[in-house]
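One file, model27.txt, is given below (compact mmCIF, C-alpha atoms).
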# COMPACT_ATOMS: atom_id res chain seq x y z
CA MET G 1 9.83 29.07 4.80
CA ALA G 2 12.35 30.70 2.51
CA LYS G 3 12.49 34.47 2.33
CA TYR G 4 11.17 35.22 -1.13
CA ALA G 5 9.67 38.48 -2.29
CA PRO G 6 5.86 38.27 -1.81
CA ALA G 7 5.15 38.20 -5.56
CA VAL G 8 7.68 35.38 -5.99
CA ALA G 9 6.23 33.40 -3.09
CA LYS G 10 2.74 33.87 -4.54
CA LEU G 11 3.80 32.58 -7.97
CA ILE G 12 5.56 29.57 -6.40
CA ALA G 13 2.42 28.79 -4.39
CA ALA G 14 0.19 29.10 -7.47
CA LEU G 15 2.46 26.86 -9.56
CA GLY G 16 2.72 24.38 -6.69
CA LYS G 17 -1.03 23.76 -6.91
CA LEU G 18 -0.65 22.15 -10.34
CA PRO G 19 -0.72 18.35 -10.33
CA GLY G 20 2.69 16.70 -10.12
CA ILE G 21 4.41 20.02 -9.39
CA GLY G 22 6.00 19.99 -5.95
CA ASN G 23 7.54 22.93 -4.14
CA LYS G 24 11.02 22.43 -5.66
CA THR G 25 9.68 22.23 -9.21
CA ALA G 26 7.43 25.23 -8.58
CA GLN G 27 10.51 27.22 -7.51
CA ARG G 28 12.39 26.14 -10.61
CA LEU G 29 9.47 27.05 -12.88
CA CYS G 30 9.05 30.40 -11.10
CA PHE G 31 12.72 31.35 -11.55
CA TYR G 32 12.56 30.22 -15.14
CA ILE G 33 9.50 32.38 -15.84
CA LEU G 34 11.17 35.36 -14.15
CA SER G 35 14.29 34.83 -16.27
CA ARG G 36 12.36 34.93 -19.55
CA PRO G 37 11.54 38.05 -21.58
CA ASP G 38 8.35 39.86 -20.56
CA GLU G 39 6.52 38.81 -23.75
CA GLU G 40 7.00 35.13 -23.06
CA ALA G 41 5.89 35.29 -19.43
CA PHE G 42 2.88 37.45 -20.29
CA ALA G 43 2.01 35.09 -23.17
CA LEU G 44 1.76 32.22 -20.69
CA ALA G 45 -0.43 34.26 -18.34
CA GLU G 46 -2.62 35.32 -21.26
CA ALA G 47 -2.86 31.76 -22.61
CA ILE G 48 -4.20 30.59 -19.24
CA ARG G 49 -6.70 33.45 -19.06
CA GLU G 50 -7.80 33.03 -22.66
CA ALA G 51 -8.21 29.26 -22.47
CA LYS G 52 -10.17 29.54 -19.25
CA THR G 53 -12.39 32.31 -20.68
CA LYS G 54 -13.03 30.94 -24.15
CA VAL G 55 -12.99 27.18 -23.73
CA GLN G 56 -16.26 25.60 -22.64
CA LEU G 57 -17.75 22.13 -22.94
CA CYS G 58 -19.48 21.38 -26.25
CA LYS G 59 -23.15 20.95 -25.27
CA SER G 60 -23.40 17.91 -27.48
CA CYS G 61 -20.26 15.83 -26.82
CA CYS G 62 -18.94 17.51 -23.63
CA ASN G 63 -15.48 17.86 -25.17
CA LEU G 64 -13.52 21.08 -24.60
CA SER G 65 -14.16 23.58 -27.35
CA ASP G 66 -14.21 27.30 -28.01
CA VAL G 67 -17.26 26.96 -30.24
CA ASP G 68 -20.54 25.19 -29.51
CA PRO G 69 -21.19 22.71 -31.05
CA CYS G 70 -17.54 21.75 -31.39
CA PRO G 71 -15.87 21.31 -34.82
CA ILE G 72 -16.19 17.50 -34.60
CA CYS G 73 -19.91 17.48 -33.73
CA SER G 74 -20.69 20.00 -36.49
CA ASP G 75 -18.59 18.26 -39.17
CA PRO G 76 -21.01 16.85 -41.79
CA LYS G 77 -18.23 14.64 -43.21
CA ARG G 78 -18.04 12.57 -40.03
CA ASP G 79 -20.15 9.49 -39.40
CA HIS G 80 -22.98 10.68 -37.14
CA SER G 81 -24.21 7.13 -36.51
CA LEU G 82 -21.09 6.14 -34.54
CA LEU G 83 -20.45 7.41 -31.02
CA CYS G 84 -17.22 6.77 -29.15
CA VAL G 85 -17.52 7.21 -25.37
CA LEU G 86 -14.34 8.17 -23.50
CA GLU G 87 -13.20 9.47 -20.15
CA GLN G 88 -11.16 12.58 -20.91
CA PRO G 89 -10.67 15.27 -23.57
CA ALA G 90 -7.11 13.98 -23.92
CA ASP G 91 -8.57 10.64 -25.03
CA VAL G 92 -10.33 12.35 -27.94
CA ALA G 93 -6.97 13.78 -28.98
CA ALA G 94 -5.40 10.31 -28.69
CA ILE G 95 -8.01 8.66 -30.95
CA GLU G 96 -7.91 11.55 -33.43
CA ARG G 97 -4.16 11.04 -33.65
CA SER G 98 -4.70 7.45 -34.78
CA GLN G 99 -6.59 8.90 -37.80
CA ASP G 100 -8.62 5.72 -37.89
CA TYR G 101 -11.96 6.86 -36.53
CA ASN G 102 -14.47 9.06 -38.28
CA GLY G 103 -17.44 8.99 -35.91
CA LEU G 104 -18.42 11.32 -33.08
CA TYR G 105 -17.35 11.37 -29.43
CA HIS G 106 -18.85 11.68 -26.01
CA VAL G 107 -16.55 12.71 -23.14
CA LEU G 108 -17.68 11.44 -19.73
CA HIS G 109 -15.12 13.50 -17.75
CA GLY G 110 -14.29 10.65 -15.44
CA ALA G 111 -15.21 7.13 -14.48
CA ILE G 112 -17.55 5.84 -11.82
CA SER G 113 -15.45 5.18 -8.73
CA PRO G 114 -17.19 4.65 -5.38
CA MET G 115 -13.74 4.63 -3.71
CA ASN G 116 -13.18 8.21 -4.83
CA HIS G 117 -16.80 9.24 -4.30
CA VAL G 118 -17.47 9.57 -8.02
CA SER G 119 -20.96 8.31 -8.81
CA ALA G 120 -22.85 8.02 -12.08
CA GLU G 121 -24.25 11.53 -11.51
CA ASP G 122 -20.78 13.03 -11.35
CA ILE G 123 -19.86 12.11 -14.91
CA LYS G 124 -21.57 13.15 -18.15
CA LEU G 125 -23.76 10.05 -18.28
CA ARG G 126 -27.14 11.81 -18.18
CA GLU G 127 -25.92 13.91 -21.13
CA LEU G 128 -25.03 10.70 -22.99
CA LEU G 129 -28.48 9.15 -22.44
CA GLU G 130 -30.25 12.37 -23.48
CA ARG G 131 -28.09 12.59 -26.56
CA LEU G 132 -28.90 9.02 -27.58
CA GLN G 133 -32.62 9.75 -27.15
CA GLN G 134 -32.46 12.96 -29.18
CA HIS G 135 -30.31 11.45 -31.92
CA PRO G 136 -31.85 8.18 -33.12
CA GLU G 137 -29.33 8.25 -36.00
CA ILE G 138 -26.72 6.94 -33.54
CA THR G 139 -26.72 3.18 -34.10
CA GLU G 140 -23.51 2.12 -32.38
CA VAL G 141 -21.87 3.21 -29.15
CA ILE G 142 -18.20 2.26 -28.79
CA LEU G 143 -17.14 2.19 -25.14
CA ALA G 144 -13.53 3.36 -25.13
CA ASN G 145 -13.25 3.79 -21.37
CA ASN G 146 -9.81 3.16 -19.94
CA SER G 147 -8.81 -0.40 -19.29
CA THR G 148 -8.71 0.24 -15.53
CA VAL G 149 -10.99 -1.18 -12.84
CA GLU G 150 -13.03 2.05 -12.84
CA GLY G 151 -13.07 2.27 -16.63
CA GLU G 152 -14.24 -1.33 -17.00
CA ALA G 153 -16.94 -0.87 -14.36
CA THR G 154 -18.18 2.32 -16.04
CA ALA G 155 -18.24 0.61 -19.44
CA MET G 156 -20.22 -2.32 -18.05
CA PHE G 157 -22.62 0.08 -16.31
CA ILE G 158 -23.27 1.97 -19.54
CA ALA G 159 -23.60 -1.26 -21.52
CA ARG G 160 -26.29 -2.44 -19.13
CA LEU G 161 -28.13 0.90 -19.32
CA LEU G 162 -28.23 0.69 -23.12
CA GLN G 163 -29.18 -2.99 -23.27
CA SER G 164 -32.84 -2.42 -24.07
CA THR G 165 -32.39 0.51 -26.46
CA GLY G 166 -31.52 -1.58 -29.50
CA ILE G 167 -28.33 0.44 -29.96
CA ARG G 168 -25.31 -1.74 -30.76
CA VAL G 169 -22.87 -1.38 -27.86
CA SER G 170 -19.24 -2.41 -28.31
CA ARG G 171 -16.09 -2.25 -26.21
CA ILE G 172 -12.67 -1.47 -27.72
CA ALA G 173 -10.43 -4.53 -27.96
CA GLN G 174 -7.96 -5.45 -25.25
CA GLY G 175 -4.81 -7.36 -26.01
CA LEU G 176 -1.12 -6.97 -26.72
CA PRO G 177 -0.10 -3.37 -27.40
CA SER G 178 1.19 -2.99 -30.95
CA GLY G 179 4.95 -3.57 -31.15
CA SER G 180 5.23 -5.23 -27.74
CA SER G 181 6.60 -8.66 -26.82
CA LEU G 182 4.53 -11.44 -25.30
CA GLU G 183 7.35 -11.97 -22.81
CA PHE G 184 6.75 -8.66 -21.07
CA ALA G 185 2.95 -8.59 -21.11
CA ASP G 186 1.18 -9.00 -17.76
CA GLU G 187 -1.17 -11.90 -17.03
CA MET G 188 -4.36 -9.85 -17.37
CA THR G 189 -3.34 -8.51 -20.78
CA LEU G 190 -2.46 -12.01 -21.99
CA ALA G 191 -5.69 -13.48 -20.63
CA ARG G 192 -7.69 -10.84 -22.46
CA ALA G 193 -5.64 -11.16 -25.63
CA LEU G 194 -6.41 -14.90 -25.63
CA ALA G 195 -10.08 -14.42 -24.81
CA GLY G 196 -10.40 -11.81 -27.54
CA ARG G 197 -8.66 -13.90 -30.22
CA GLN G 198 -10.03 -13.57 -33.72
CA VAL G 199 -10.20 -16.18 -36.46
CA ILE G 200 -7.87 -15.38 -39.36
CA GLN G 201 -9.74 -15.82 -42.63
CA GLU G 202 -8.58 -15.85 -46.24
CA ASP G 203 -10.36 -12.56 -46.89
CA SER G 204 -9.25 -11.13 -43.56
CA SER G 205 -8.46 -7.46 -43.29
CA PHE G 206 -5.40 -8.08 -41.08
CA ASN G 207 -2.24 -6.48 -42.37
CA PHE G 208 0.86 -8.61 -42.18
CA MET M 1 -1.11 17.00 -34.15
CA ALA M 2 -4.23 16.49 -32.11
CA LYS M 3 -7.33 18.51 -32.87
CA TYR M 4 -7.58 20.81 -29.87
CA ALA M 5 -9.47 24.09 -29.76
CA PRO M 6 -7.02 26.91 -30.66
CA ALA M 7 -7.05 28.36 -27.13
CA VAL M 8 -6.31 24.92 -25.68
CA ALA M 9 -3.49 24.28 -28.17
CA LYS M 10 -2.03 27.70 -27.34
CA LEU M 11 -2.04 27.01 -23.60
CA ILE M 12 -0.46 23.58 -24.13
CA ALA M 13 2.26 25.18 -26.27
CA ALA M 14 2.91 27.91 -23.68
CA LEU M 15 3.12 25.38 -20.82
CA GLY M 16 5.34 23.13 -22.93
CA LYS M 17 7.98 25.86 -23.06
CA LEU M 18 8.61 25.54 -19.32
CA PRO M 19 11.70 23.53 -18.39
CA GLY M 20 11.07 19.85 -17.75
CA ILE M 21 7.50 20.08 -19.05
CA GLY M 22 7.05 17.92 -22.15
CA ASN M 23 4.02 17.82 -24.40
CA LYS M 24 2.21 15.15 -22.37
CA THR M 25 2.69 16.99 -19.09
CA ALA M 26 1.67 20.27 -20.73
CA GLN M 27 -1.58 18.60 -21.85
CA ARG M 28 -2.21 17.27 -18.37
CA LEU M 29 -1.55 20.69 -16.79
CA CYS M 30 -3.76 22.37 -19.39
CA PHE M 31 -6.71 20.06 -18.72
CA TYR M 32 -6.17 20.47 -15.00
CA ILE M 33 -6.23 24.27 -15.28
CA LEU M 34 -9.38 24.11 -17.41
CA SER M 35 -11.05 21.85 -14.84
CA ARG M 36 -10.41 24.27 -11.96
CA PRO M 37 -12.71 27.11 -10.89
CA ASP M 38 -12.18 30.41 -12.72
CA GLU M 39 -10.69 32.09 -9.62
CA GLU M 40 -7.92 29.53 -9.31
CA ALA M 41 -6.93 29.64 -12.99
CA PHE M 42 -7.04 33.43 -13.07
CA ALA M 43 -5.01 33.56 -9.84
CA LEU M 44 -2.22 31.61 -11.55
CA ALA M 45 -2.30 33.90 -14.60
CA GLU M 46 -2.27 36.95 -12.34
CA ALA M 47 0.57 35.56 -10.19
CA ILE M 48 2.73 35.16 -13.32
CA ARG M 49 1.89 38.66 -14.52
CA GLU M 50 2.41 40.22 -11.10
CA ALA M 51 5.70 38.45 -10.40
CA LYS M 52 7.03 39.38 -13.82
CA THR M 53 5.92 43.02 -13.43
CA LYS M 54 6.93 43.65 -9.83
CA VAL M 55 9.97 41.48 -9.31
CA GLN M 56 13.28 42.96 -10.40
CA LEU M 57 16.89 42.32 -9.46
CA CYS M 58 18.10 44.13 -6.35
CA LYS M 59 20.71 46.58 -7.69
CA SER M 60 23.03 45.69 -4.85
CA CYS M 61 22.93 41.87 -4.55
CA CYS M 62 21.21 40.92 -7.86
CA ASN M 63 18.70 38.75 -5.98
CA LEU M 64 15.07 38.77 -7.07
CA SER M 65 13.10 41.35 -5.10
CA ASP M 66 10.06 43.57 -5.39
CA VAL M 67 11.84 46.40 -3.57
CA ASP M 68 15.26 47.88 -4.29
CA PRO M 69 17.44 47.42 -2.31
CA CYS M 70 16.03 44.08 -1.23
CA PRO M 71 15.00 43.36 2.39
CA ILE M 72 18.25 41.48 3.06
CA CYS M 73 20.55 44.23 1.73
CA SER M 74 18.65 46.91 3.66
CA ASP M 75 18.49 44.98 6.93
CA PRO M 76 20.73 46.79 9.46
CA LYS M 77 20.68 43.71 11.74
CA ARG M 78 22.63 41.65 9.23
CA ASP M 79 26.41 41.49 9.11
CA HIS M 80 27.39 43.81 6.24
CA SER M 81 31.04 42.70 6.33
CA LEU M 82 30.25 39.17 5.12
CA LEU M 83 29.28 38.47 1.52
CA CYS M 84 28.13 35.06 0.31
CA VAL M 85 28.41 34.59 -3.47
CA LEU M 86 25.99 32.10 -5.07
CA GLU M 87 24.70 31.07 -8.44
CA GLN M 88 20.92 31.32 -8.19
CA PRO M 89 18.18 33.08 -6.24
CA ALA M 90 17.07 29.60 -5.11
CA ASP M 91 20.47 29.23 -3.41
CA VAL M 92 19.77 32.31 -1.27
CA ALA M 93 16.53 30.67 -0.18
CA ALA M 94 18.42 27.43 0.60
CA ILE M 95 20.98 29.19 2.83
CA GLU M 96 18.30 31.32 4.51
CA ARG M 97 16.48 28.11 5.36
CA SER M 98 19.54 26.85 7.25
CA GLN M 99 19.13 29.91 9.54
CA ASP M 100 22.84 29.84 10.13
CA TYR M 101 24.06 32.78 8.08
CA ASN M 102 23.56 36.43 8.90
CA GLY M 103 25.65 38.14 6.23
CA LEU M 104 24.70 39.51 2.81
CA TYR M 105 24.47 37.75 -0.55
CA HIS M 106 25.52 38.25 -4.14
CA VAL M 107 23.71 36.27 -6.81
CA LEU M 108 25.79 35.61 -9.93
CA HIS M 109 22.89 34.20 -11.99
CA GLY M 110 24.95 31.39 -13.42
CA ALA M 111 28.43 29.95 -13.60
CA ILE M 112 31.17 30.45 -16.17
CA SER M 113 30.83 27.62 -18.68
CA PRO M 114 32.68 27.89 -22.00
CA MET M 115 30.90 24.70 -23.13
CA ASN M 116 27.55 26.47 -22.84
CA HIS M 117 28.91 29.80 -24.11
CA VAL M 118 28.57 31.46 -20.71
CA SER M 119 31.52 33.75 -20.12
CA ALA M 120 32.48 35.95 -17.16
CA GLU M 121 30.56 38.84 -18.76
CA ASP M 122 27.33 36.84 -18.82
CA ILE M 123 27.10 36.50 -15.04
CA LYS M 124 26.87 39.26 -12.42
CA LEU M 125 30.63 39.34 -11.83
CA ARG M 126 31.22 42.97 -12.81
CA GLU M 127 28.46 43.90 -10.32
CA LEU M 128 30.29 41.90 -7.62
CA LEU M 129 33.61 43.67 -8.25
CA GLU M 130 31.97 47.11 -8.28
CA ARG M 131 30.13 46.29 -5.09
CA LEU M 132 33.34 45.23 -3.34
CA GLN M 133 34.99 48.50 -4.43
CA GLN M 134 32.07 50.65 -3.25
CA HIS M 135 31.69 48.78 0.03
CA PRO M 136 35.06 48.52 1.78
CA GLU M 137 33.21 47.28 4.88
CA ILE M 138 33.01 43.85 3.19
CA THR M 139 35.95 41.94 4.64
CA GLU M 140 35.12 38.36 3.69
CA VAL M 141 33.70 36.83 0.53
CA ILE M 142 32.35 33.28 0.93
CA LEU M 143 32.23 31.48 -2.40
CA ALA M 144 29.17 29.23 -2.21
CA ASN M 145 29.11 28.31 -5.90
CA ASN M 146 27.79 24.86 -6.65
CA SER M 147 30.14 21.94 -6.27
CA THR M 148 30.00 21.26 -10.02
CA VAL M 149 32.79 21.62 -12.57
CA GLU M 150 31.42 25.03 -13.63
CA GLY M 151 30.80 26.13 -10.06
CA GLU M 152 34.33 25.19 -8.99
CA ALA M 153 35.87 26.93 -11.99
CA THR M 154 33.83 30.09 -11.34
CA ALA M 155 34.82 30.07 -7.66
CA MET M 156 38.50 29.68 -8.56
CA PHE M 157 38.18 32.48 -11.14
CA ILE M 158 36.66 34.85 -8.59
CA ALA M 159 39.21 33.86 -5.94
CA ARG M 160 42.01 34.76 -8.33
CA LEU M 161 40.39 38.09 -9.21
CA LEU M 162 40.16 39.02 -5.52
CA GLN M 163 43.64 37.79 -4.61
CA SER M 164 45.24 41.23 -4.46
CA THR M 165 42.33 43.07 -2.81
CA GLY M 166 43.14 42.01 0.74
CA ILE M 167 39.60 40.67 1.11
CA ARG M 168 39.47 37.28 2.81
CA VAL M 169 38.10 34.78 0.27
CA SER M 170 36.75 31.44 1.46
CA ARG M 171 35.03 28.49 -0.16
CA ILE M 172 32.22 26.56 1.55
CA ALA M 173 33.34 23.17 2.85
CA GLN M 174 32.95 20.01 0.81
CA GLY M 175 32.53 16.65 2.45
CA LEU M 176 29.97 14.10 3.57
CA PRO M 177 26.40 15.42 3.49
CA SER M 178 24.93 15.48 6.97
CA GLY M 179 23.15 12.24 7.84
CA SER M 180 24.73 10.25 5.01
CA SER M 181 26.76 7.04 5.15
CA LEU M 182 30.39 6.79 4.09
CA GLU M 183 29.47 3.62 2.23
CA PHE M 184 27.36 5.46 -0.33
CA ALA M 185 29.55 8.53 -0.84
CA ASP M 186 31.27 8.88 -4.22
CA GLU M 187 35.07 8.98 -4.53
CA MET M 188 35.28 12.73 -5.15
CA THR M 189 33.20 13.53 -2.07
CA LEU M 190 35.35 11.21 0.07
CA ALA M 191 38.58 12.64 -1.33
CA ARG M 192 37.41 16.16 -0.51
CA ALA M 193 36.10 15.16 2.90
CA LEU M 194 39.55 13.71 3.71
CA ALA M 195 41.42 16.70 2.29
CA GLY M 196 39.19 19.08 4.24
CA ARG M 197 39.51 17.24 7.55
CA GLN M 198 39.64 19.40 10.65
CA VAL M 199 41.52 18.82 13.87
CA ILE M 200 39.20 18.13 16.81
CA GLN M 201 40.29 20.21 19.78
CA GLU M 202 39.24 20.19 23.44
CA ASP M 203 37.62 23.60 23.04
CA SER M 204 36.19 22.70 19.68
CA SER M 205 32.81 23.99 18.66
CA PHE M 206 31.79 20.66 17.15
CA ASN M 207 28.53 19.35 18.46
CA PHE M 208 28.45 15.66 19.22

This structure in structure tokens:
Amino acid sequence: MAKYAPAVAKLIAALGKLPGIGNKTAQRLCFYILSRPDEEAFALAEAIREAKTKVQLCKSCCNLSDVDPCPICSDPKRDHSLLCVLEQPADVAAIERSQDYNGLYHVLHGAISPMNHVSAEDIKLRELLERLQQHPEITEVILANNSTVEGEATAMFIARLLQSTGIRVSRIAQGLPSGSSLEFADEMTLARALAGRQVIQEDSSFNF
Amino acid sequence: MAKYAPAVAKLIAALGKLPGIGNKTAQRLCFYILSRPDEEAFALAEAIREAKTKVQLCKSCCNLSDVDPCPICSDPKRDHSLLCVLEQPADVAAIERSQDYNGLYHVLHGAISPMNHVSAEDIKLRELLERLQQHPEITEVILANNSTVEGEATAMFIARLLQSTGIRVSRIAQGLPSGSSLEFADEMTLARALAGRQVIQEDSSFNF
């Protein structure tokens, strides 16, 4: 192991624990941090401490928030009858960016994956069911789980659980990504784009 | 911009300032940090703070150290007549890892690069010259600057500065990296490997 000062070695080790950051990158980040003005380095340390101290899960939607309930759950202007179920807080940010959804969210924090020892109890599924019971105003659940094997399985599992509740359960559409060519789409995407085809009507809302 | 809690947005912004960390990676790192136990997140924050507080440049060799002079400069077992000049603290670690060098170091913290507005005054060159004056026991300076255009230019610049001092100035060898094939070496490497060829003698110290 290289002869670094103990405090340097400690910082490299701490940075190296981050996902996707190997030893070389950790070294580079460490030397970069040490080369910056005190304020900037301390600001990073403080941002970590502050985020970790202040940010909790919203008790209603399980999204990350520094207030409880979170700004989305407590926004009276949003449609409280629509609930979009997703895997990660980053997914909420992604959908919010599309500016096309005005309902509420529920963050599962994962997907059921027996291979990785993640069962239904390890994700925020119980919280979802309790929420649906306590909030009969929710009339549609949109399953926006990832389009991966685990995401699909989790979506199907939830759909089956909600079958008898009378709540409308939908799954986000799968097909060609916007702006992409048919030529480069994989078989699965094409198969699903075909299966999910929609009739074009005179009064259709499609934008050409 | 996505609707994140202020503390989350602040952490993403702080992480995004690190080199090679874009907005997406900063988000991923942020969510990872928030998903870890308090101890681990606080340990990272504390490691940054501690490294930045404790670690300074050794006044002699300009390497990062939490003591002054650094353990290498104050080690009586090392050869104080040999001085290896390099660009970055990481380079010291790289040479120490080879376990083949027992002299001292001098870290320039950069290379002269007019394109990037880095002049001779912006690197620890004055410190090198003062050190050589104050320490007449240094008889050889090994220029281990990177083999880049800037590194070469800086090495040549230093070599010229030291020309009249009587100090032996050498440059680390350039040639085929150990374990590599001739087939995949670039022209410049091959040209330098040929130019730097060494006669093989009966009593040679080459290891076959």

Chain G near chain M within 7 Å: what's each residue's closest atom pair and its distance in Å to one decimal, counting all atoms listed in the file, ordered by chain then ascending residue number, as JSON lines?
{"residue": "G:Met1", "atom": "CA", "partner": "M:Arg97", "partner_atom": "CA", "distance": 6.7}
{"residue": "G:Ala2", "atom": "CA", "partner": "M:Ala93", "partner_atom": "CA", "distance": 5.0}
{"residue": "G:Lys3", "atom": "CA", "partner": "M:Ala93", "partner_atom": "CA", "distance": 6.1}
{"residue": "G:Ala5", "atom": "CA", "partner": "M:Ser65", "partner_atom": "CA", "distance": 5.3}
{"residue": "G:Ala7", "atom": "CA", "partner": "M:Ala51", "partner_atom": "CA", "distance": 4.9}
{"residue": "G:Val8", "atom": "CA", "partner": "M:Ala51", "partner_atom": "CA", "distance": 5.7}
{"residue": "G:Lys10", "atom": "CA", "partner": "M:Ala47", "partner_atom": "CA", "distance": 6.3}
{"residue": "G:Leu11", "atom": "CA", "partner": "M:Ala47", "partner_atom": "CA", "distance": 4.9}
{"residue": "G:Ala14", "atom": "CA", "partner": "M:Leu44", "partner_atom": "CA", "distance": 5.4}
{"residue": "G:Leu15", "atom": "CA", "partner": "M:Leu44", "partner_atom": "CA", "distance": 7.0}
{"residue": "G:Leu18", "atom": "CA", "partner": "M:Leu29", "partner_atom": "CA", "distance": 6.7}
{"residue": "G:Pro19", "atom": "CA", "partner": "M:Leu29", "partner_atom": "CA", "distance": 6.9}
{"residue": "G:Leu29", "atom": "CA", "partner": "M:Leu18", "partner_atom": "CA", "distance": 6.7}
{"residue": "G:Leu34", "atom": "CA", "partner": "M:Lys52", "partner_atom": "CA", "distance": 5.8}
{"residue": "G:Asp38", "atom": "CA", "partner": "M:Lys52", "partner_atom": "CA", "distance": 6.9}
{"residue": "G:Ala41", "atom": "CA", "partner": "M:Ile48", "partner_atom": "CA", "distance": 6.9}
{"residue": "G:Phe42", "atom": "CA", "partner": "M:Arg49", "partner_atom": "CA", "distance": 6.0}
{"residue": "G:Leu44", "atom": "CA", "partner": "M:Ala14", "partner_atom": "CA", "distance": 5.4}
{"residue": "G:Ala45", "atom": "CA", "partner": "M:Ala45", "partner_atom": "CA", "distance": 4.2}
{"residue": "G:Glu46", "atom": "CA", "partner": "M:Ala45", "partner_atom": "CA", "distance": 6.8}
{"residue": "G:Ala47", "atom": "CA", "partner": "M:Leu11", "partner_atom": "CA", "distance": 4.9}
{"residue": "G:Ile48", "atom": "CA", "partner": "M:Ala45", "partner_atom": "CA", "distance": 6.0}
{"residue": "G:Arg49", "atom": "CA", "partner": "M:Phe42", "partner_atom": "CA", "distance": 6.0}
{"residue": "G:Glu50", "atom": "CA", "partner": "M:Ala7", "partner_atom": "CA", "distance": 6.5}
{"residue": "G:Ala51", "atom": "CA", "partner": "M:Ala7", "partner_atom": "CA", "distance": 4.9}
{"residue": "G:Lys52", "atom": "CA", "partner": "M:Leu34", "partner_atom": "CA", "distance": 5.8}
{"residue": "G:Val55", "atom": "CA", "partner": "M:Ala7", "partner_atom": "CA", "distance": 6.9}
{"residue": "G:Ser65", "atom": "CA", "partner": "M:Ala5", "partner_atom": "CA", "distance": 5.3}
{"residue": "G:Asp66", "atom": "CA", "partner": "M:Ala5", "partner_atom": "CA", "distance": 6.0}
{"residue": "G:Ala93", "atom": "CA", "partner": "M:Ala2", "partner_atom": "CA", "distance": 5.0}
{"residue": "G:Glu96", "atom": "CA", "partner": "M:Ala2", "partner_atom": "CA", "distance": 6.3}
{"residue": "G:Arg97", "atom": "CA", "partner": "M:Ala2", "partner_atom": "CA", "distance": 5.7}

Any chance you could work out the axis-aligned box around region 170-175 of chain M, listed atoms only, 6 Å on each side, giving centre and edge lengths in Å to one decimal, as JSON?
{"center_x": 34.5, "center_y": 24.0, "center_z": 1.3, "size_x": 16.5, "size_y": 26.8, "size_z": 15.0}

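The residue that comes closest to Leu132 (chain M), out of M:Met156, M:Ile167, M:Val149, M:Ile112 and on the basis of only C-alpha atoms, is M:Ile167.
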
Selection as number ranges by chain: residues within 10 Å of (-21.7, 7.3, -25.3), counting only C-alpha atoms: G: 61, 82-86, 104-108, 124-125, 127-129, 131-132, 138, 140-145, 155, 158-159, 162, 169

Quick one: write out the picked residues with C-alpha atoms as a PDB file, in the coordinates of the input?
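Saved as out.pdb:
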ATOM      1  CA  CYS G  61     -20.260  15.830 -26.820  1.00  0.00           C
ATOM      2  CA  LEU G  82     -21.090   6.140 -34.540  1.00  0.00           C
ATOM      3  CA  LEU G  83     -20.450   7.410 -31.020  1.00  0.00           C
ATOM      4  CA  CYS G  84     -17.220   6.770 -29.150  1.00  0.00           C
ATOM      5  CA  VAL G  85     -17.520   7.210 -25.370  1.00  0.00           C
ATOM      6  CA  LEU G  86     -14.340   8.170 -23.500  1.00  0.00           C
ATOM      7  CA  LEU G 104     -18.420  11.320 -33.080  1.00  0.00           C
ATOM      8  CA  TYR G 105     -17.350  11.370 -29.430  1.00  0.00           C
ATOM      9  CA  HIS G 106     -18.850  11.680 -26.010  1.00  0.00           C
ATOM     10  CA  VAL G 107     -16.550  12.710 -23.140  1.00  0.00           C
ATOM     11  CA  LEU G 108     -17.680  11.440 -19.730  1.00  0.00           C
ATOM     12  CA  LYS G 124     -21.570  13.150 -18.150  1.00  0.00           C
ATOM     13  CA  LEU G 125     -23.760  10.050 -18.280  1.00  0.00           C
ATOM     14  CA  GLU G 127     -25.920  13.910 -21.130  1.00  0.00           C
ATOM     15  CA  LEU G 128     -25.030  10.700 -22.990  1.00  0.00           C
ATOM     16  CA  LEU G 129     -28.480   9.150 -22.440  1.00  0.00           C
ATOM     17  CA  ARG G 131     -28.090  12.590 -26.560  1.00  0.00           C
ATOM     18  CA  LEU G 132     -28.900   9.020 -27.580  1.00  0.00           C
ATOM     19  CA  ILE G 138     -26.720   6.940 -33.540  1.00  0.00           C
ATOM     20  CA  GLU G 140     -23.510   2.120 -32.380  1.00  0.00           C
ATOM     21  CA  VAL G 141     -21.870   3.210 -29.150  1.00  0.00           C
ATOM     22  CA  ILE G 142     -18.200   2.260 -28.790  1.00  0.00           C
ATOM     23  CA  LEU G 143     -17.140   2.190 -25.140  1.00  0.00           C
ATOM     24  CA  ALA G 144     -13.530   3.360 -25.130  1.00  0.00           C
ATOM     25  CA  ASN G 145     -13.250   3.790 -21.370  1.00  0.00           C
ATOM     26  CA  ALA G 155     -18.240   0.610 -19.440  1.00  0.00           C
ATOM     27  CA  ILE G 158     -23.270   1.970 -19.540  1.00  0.00           C
ATOM     28  CA  ALA G 159     -23.600  -1.260 -21.520  1.00  0.00           C
ATOM     29  CA  LEU G 162     -28.230   0.690 -23.120  1.00  0.00           C
ATOM     30  CA  VAL G 169     -22.870  -1.380 -27.860  1.00  0.00           C
TER      31      VAL G 169
END

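Across the structure, CA of Ala111 (chain G) and CA of Gly16 (chain M) are spaced 27.4 Å apart.
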
Polymer residues at most 12 Å from Ala195 (chain G), all atoms listed in the file, same-chain spacing of 5 or more positions, as a PyMOL selection string: chain G and resi 173-176+188-190

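Straight-line separation from CA of Arg126 (chain G) to CA of Gly103 (chain G): 20.4 Å.
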
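Atom to atom, CA of Val118 (chain M) and CA of Ala153 (chain M) stand 12.2 Å apart.
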